[in-house]
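Peer 1: Could you have a look at this structure, given as structure tokens, before my questions?
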Amino acid sequence: MNRKEWNNLAGTFEKNVCDISREETADQIKRYVARAKIPKRGGVLVDMGCGIGTFILQYGHRFAEIVGVEYASSIIARAKKRCADVAGVTWHTAGVEAAGKRIGPRADLTVCMNVITVPSAAKRRAMWDGIAAVTKHGGHALVVVASIEAERMIEKLLDEEPADHANGLVDHDGALQKHFARDELNQDFSRAGFAVKKIGKAFYPWSKEGLRSTPKLRANPPWDWVALAERV
Ligand SMILES: C[S@@+](CC[C@H](N)C(=O)[O-])C[C@H]1O[C@@H](n2cnc3c(N)ncnc32)[C@H](O)[C@@H]1O
């Protein structure tokens with residue numbers, strides 16, 4: 001999806017977008033945030049592709065300074081409204097790729113959740129580099145990406161013809177979206193200058209796949225990969 005398409009979703013974001021820090025069902029994000037070393041005083045959070053600001057609303061109070069980066073102007077406008085009562089936030093209507101130049105390597109925690117979705121490997125690389133550019137050495141990054149293993153599990157459960165998904169690209173309503181294998185996530189993080197500490201599953205409800213839960217589906221919830229890494 002491009003910036004214009006994201007802007008078109010601003011009004012219906014909660015209905016149409018998986019806001020993983022709100023929707024995940026097993027408190028993984030909370031656990032991963034707890035593992036990141038956030039200083040008791042003066043901590044800096046950078047949320048890359050912050051959407052309507054849900055992570056900032058949930059976790060912003062742990063930081064002295066927060067930077068929200070989001071390239072869709074109608075979406076960041078909603079984030080600003082929703083987070084009006086959170087202290088110490090500055091906002092950048094900008095791409096993740098270029099945020100490093102504006103912000104510098106200041107984050108104790110950088111989060112980038114369900115933002116690295118573009119089919120182009122070169123564009124994804126620029127996004128990983130953007131995450132590295134805003135994270136201070138010894139700081140942490142928390143990244144959530146779509147899982148190709150989960151996509152294959154879903155196809156199997158629904159008795160669909162297994163698709164090839166070359167390069168992890170999955171067709172969602174005519175738009176190709178990158179899905180990562182667990183190892184690939186590890187490699188991309190490492191290439192960007194991070195040491196991966198933990199990778200796990202952030203489960204979300206079947207309703208986000210447009211399906212009503214049945215006992216069989218309930219026993220096999222879909223997931224995104226969530227990973228925590230330290231900037232080295
Ligand atoms: C699936 S939403 C996730 C929002 C938020 N991180 C969350 O978890 O709720 C993806 C968001 O990333 C933004 N986005 C996508 N590509 C971006 C880019 N290159 N730079 C900045 N924001 C981007 C979109 O506009 C959208 O708001």
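Naming works like this for the structure tokens: A, B, ... for the chains as they're shown, residue 1 at the start of each chain, ligands 1 onward in shown order.
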With only C-alpha atoms as the counted atoms, please give the residues lying no more than 9 Å from Ala26 in chain A, apart from itself and same-chain residues fewer than 5 positions off, as a PDB file with N, CA and C atoms, in the first residue's frame.
Peer 2:
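Result file is part.pdb:
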ATOM      1  N   ALA A 202       3.186 -13.023  17.948  1.00  0.00           N
ATOM      2  CA  ALA A 202       2.148 -12.136  18.494  1.00  0.00           C
ATOM      3  C   ALA A 202       0.837 -12.579  17.843  1.00  0.00           C
ATOM      4  N   PHE A 203       0.025 -13.305  18.609  1.00  0.00           N
ATOM      5  CA  PHE A 203      -1.225 -13.847  18.059  1.00  0.00           C
ATOM      6  C   PHE A 203      -2.280 -12.747  17.951  1.00  0.00           C
ATOM      7  N   TYR A 204      -3.109 -12.857  16.926  1.00  0.00           N
ATOM      8  CA  TYR A 204      -4.213 -11.898  16.774  1.00  0.00           C
ATOM      9  C   TYR A 204      -5.483 -12.671  16.396  1.00  0.00           C
TER      10      TYR A 204
END
Peer 1: Name each residue within 7 Å of ligand 1, counting only C-alpha atoms and all ligand atoms, as a ChimeraX atom specification.
Peer 2: /A:3,6-7,17-21,48-55,69-72,75,94-97,112-116,127
Peer 1: Could you please take those selected residues and save N, CA, C and O atoms as a CSV table (one decimal), in the first residue's frame?
Peer 2:
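See part26.csv below for the written result:
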chain,number,residue,atom,x,y,z
A,3,ARG,N,1.2,5.7,0.3
A,3,ARG,CA,0.8,6.7,1.3
A,3,ARG,C,-0.7,7.1,1.1
A,3,ARG,O,-1.4,7.3,2.0
A,6,TRP,N,-3.0,4.5,2.4
A,6,TRP,CA,-3.1,4.5,3.9
A,6,TRP,C,-3.9,5.7,4.3
A,6,TRP,O,-4.8,5.6,5.2
A,7,ASN,N,-3.7,6.9,3.7
A,7,ASN,CA,-4.5,8.0,4.1
A,7,ASN,C,-6.0,7.7,3.9
A,7,ASN,O,-6.8,8.2,4.8
A,17,VAL,N,-7.5,-2.1,9.9
A,17,VAL,CA,-6.1,-2.3,10.1
A,17,VAL,C,-5.8,-3.1,11.4
A,17,VAL,O,-6.5,-2.9,12.4
A,18,CYS,N,-4.9,-4.1,11.3
A,18,CYS,CA,-4.5,-4.8,12.5
A,18,CYS,C,-3.6,-4.0,13.4
A,18,CYS,O,-2.4,-3.8,13.0
A,19,ASP,N,-4.1,-3.4,14.4
A,19,ASP,CA,-3.3,-2.6,15.3
A,19,ASP,C,-2.8,-3.5,16.4
A,19,ASP,O,-3.4,-3.7,17.4
A,20,ILE,N,-1.6,-4.1,16.2
A,20,ILE,CA,-1.2,-5.3,16.9
A,20,ILE,C,-1.0,-5.0,18.4
A,20,ILE,O,-1.3,-5.9,19.2
A,21,SER,N,-0.6,-3.8,18.8
A,21,SER,CA,-0.4,-3.7,20.3
A,21,SER,C,-1.8,-3.6,21.0
A,21,SER,O,-1.8,-3.9,22.2
A,48,MET,N,8.1,4.3,14.7
A,48,MET,CA,8.2,4.4,13.3
A,48,MET,C,7.0,3.8,12.6
A,48,MET,O,6.8,2.6,12.6
A,49,GLY,N,6.2,4.7,11.9
A,49,GLY,CA,5.0,4.2,11.3
A,49,GLY,C,4.0,4.0,12.4
A,49,GLY,O,3.4,3.0,12.6
A,50,CYS,N,3.7,5.1,13.2
A,50,CYS,CA,3.0,5.0,14.5
A,50,CYS,C,1.5,4.8,14.3
A,50,CYS,O,0.8,4.6,15.2
A,51,GLY,N,1.0,4.9,13.0
A,51,GLY,CA,-0.4,4.8,12.8
A,51,GLY,C,-1.2,5.8,13.6
A,51,GLY,O,-0.8,7.0,13.7
A,52,ILE,N,-2.3,5.4,14.3
A,52,ILE,CA,-3.1,6.3,15.0
A,52,ILE,C,-2.6,6.4,16.5
A,52,ILE,O,-3.4,6.9,17.4
A,53,GLY,N,-1.4,6.0,16.8
A,53,GLY,CA,-0.8,6.3,18.1
A,53,GLY,C,-1.1,5.3,19.2
A,53,GLY,O,-0.9,5.6,20.3
A,54,THR,N,-1.5,4.1,18.8
A,54,THR,CA,-1.9,3.1,19.9
A,54,THR,C,-0.8,2.7,20.8
A,54,THR,O,-1.0,2.7,22.0
A,55,PHE,N,0.4,2.5,20.3
A,55,PHE,CA,1.5,2.1,21.1
A,55,PHE,C,1.9,3.2,22.0
A,55,PHE,O,2.2,3.0,23.2
A,69,VAL,N,6.6,8.9,14.2
A,69,VAL,CA,6.9,9.1,12.7
A,69,VAL,C,5.8,8.4,11.9
A,69,VAL,O,5.6,7.2,12.2
A,70,GLU,N,5.2,9.1,11.0
A,70,GLU,CA,4.2,8.5,10.2
A,70,GLU,C,4.0,9.3,8.9
A,70,GLU,O,3.9,10.5,8.9
A,71,TYR,N,4.0,8.6,7.7
A,71,TYR,CA,4.0,9.4,6.5
A,71,TYR,C,2.6,9.7,6.0
A,71,TYR,O,2.5,10.6,5.1
A,72,ALA,N,1.6,9.2,6.6
A,72,ALA,CA,0.2,9.5,6.1
A,72,ALA,C,-0.4,10.6,6.9
A,72,ALA,O,-0.7,10.4,8.1
A,75,ILE,N,-3.6,10.1,9.0
A,75,ILE,CA,-3.4,9.1,10.1
A,75,ILE,C,-2.7,9.8,11.2
A,75,ILE,O,-3.1,9.7,12.4
A,94,ALA,N,6.6,12.0,8.1
A,94,ALA,CA,7.8,11.6,7.3
A,94,ALA,C,7.8,10.1,7.1
A,94,ALA,O,7.2,9.4,7.8
A,95,GLY,N,8.7,9.8,6.1
A,95,GLY,CA,8.9,8.3,5.9
A,95,GLY,C,9.9,7.8,6.9
A,95,GLY,O,10.8,8.5,7.3
A,96,VAL,N,9.7,6.5,7.2
A,96,VAL,CA,10.6,5.8,8.1
A,96,VAL,C,12.1,5.9,7.6
A,96,VAL,O,13.0,6.0,8.3
A,97,GLU,N,12.2,5.8,6.2
A,97,GLU,CA,13.5,5.7,5.6
A,97,GLU,C,14.3,7.0,5.9
A,97,GLU,O,15.6,6.8,6.0
A,112,CYS,N,8.6,-0.5,15.5
A,112,CYS,CA,8.1,-0.4,14.1
A,112,CYS,C,7.2,-1.6,13.8
A,112,CYS,O,7.7,-2.7,13.6
A,113,MET,N,5.9,-1.4,13.9
A,113,MET,CA,5.0,-2.5,14.0
A,113,MET,C,4.1,-2.6,12.8
A,113,MET,O,3.3,-1.7,12.5
A,114,ASN,N,4.3,-3.7,12.0
A,114,ASN,CA,3.5,-3.9,10.8
A,114,ASN,C,3.6,-2.7,9.8
A,114,ASN,O,2.6,-2.3,9.2
A,115,VAL,N,4.8,-2.3,9.6
A,115,VAL,CA,5.1,-1.2,8.7
A,115,VAL,C,6.0,-1.6,7.5
A,115,VAL,O,5.8,-1.2,6.4
A,116,ILE,N,6.8,-2.6,7.8
A,116,ILE,CA,7.8,-3.1,6.7
A,116,ILE,C,7.0,-4.1,5.9
A,116,ILE,O,7.1,-5.4,6.1
A,127,MET,N,14.1,0.9,5.0
A,127,MET,CA,13.3,1.0,6.2
A,127,MET,C,14.1,0.5,7.4
A,127,MET,O,14.2,1.1,8.5
Peer 1: Choose the residue, out of A:Pro205, A:Gly88, A:Gly200, A:Gly11, that has the smallest atom-to-atom separation from Ser73 in chain A; count only C-alpha atoms.
Peer 2: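 That would be A:Gly11, the residue with the smallest distance to Ser73 in chain A.
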Peer 1: For range 219-229 of chain A, work out the shell of residues within 7 Å, counting only C-alpha atoms and skipping chain neighbours fewer than 2 positions away, then give it as a PyMOL selection string.
Peer 2: chain A and resi 32+140-147+150+194-206+215-217+231
Peer 1: Applying 10 Å and only C-alpha atoms, which residues near range 101-107 of chain A remain after dropping the ones on its own chain fewer than 2 positions away? List them as a ChimeraX atom specification.
Peer 2: /A:38,43-47,65-67,69,92,94,97-99,109-111,130-141
Peer 1: From a backbone DSSP assignment, name each residue in range 53-208 of chain A labelled strand (DSSP E or B), as a VMD selection string.
Peer 2: chain A and resid 65 to 70 89 to 93 107 to 113 135 to 147 169 to 172 175 to 178 180 194 to 203
Peer 1: DSSP on the backbone: what in range 80-209 of chain A comes out helix (DSSP H, G or I), as a PyMOL selection string?
Peer 2: chain A and resi 80-82+96-103+121-134+148-157+166-168+182-191+206-209
Peer 1: Please, what distance in Å, to one decimal, runs between CA of Leu57 in chain A and CA of Lys4 in chain A?
Peer 2: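 Computing it gives 24.8 Å between the two atoms.
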Peer 1: Using only C-alpha atoms for the distances, tell me which of A:Leu176, A:Arg218, A:Gly210, A:Arg125 is nearest to Arg191 in chain A.
Peer 2: A:Arg125
Peer 1: Rank A:Leu157, A:Ala34, A:Leu211, A:Ser120 by their smallest atom-to-atom distance to His179 in chain A, using only C-alpha atoms, and report the top residue only.
Peer 2: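 So, comparing all the options, the nearest one is A:Ser120.
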Peer 1: Distance CA of Pro162 in chain A-CA of Ala121 in chain A, one decimal place?
Peer 2: 23.5 Å
Peer 1: Just to confirm, what's the straight-line distance from CA of Ala163 in chain A to CA of Glu151 in chain A in Å (one decimal)?
Peer 2: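 Pair CA of Ala163 in chain A / CA of Glu151 in chain A returns 9.8 Å.
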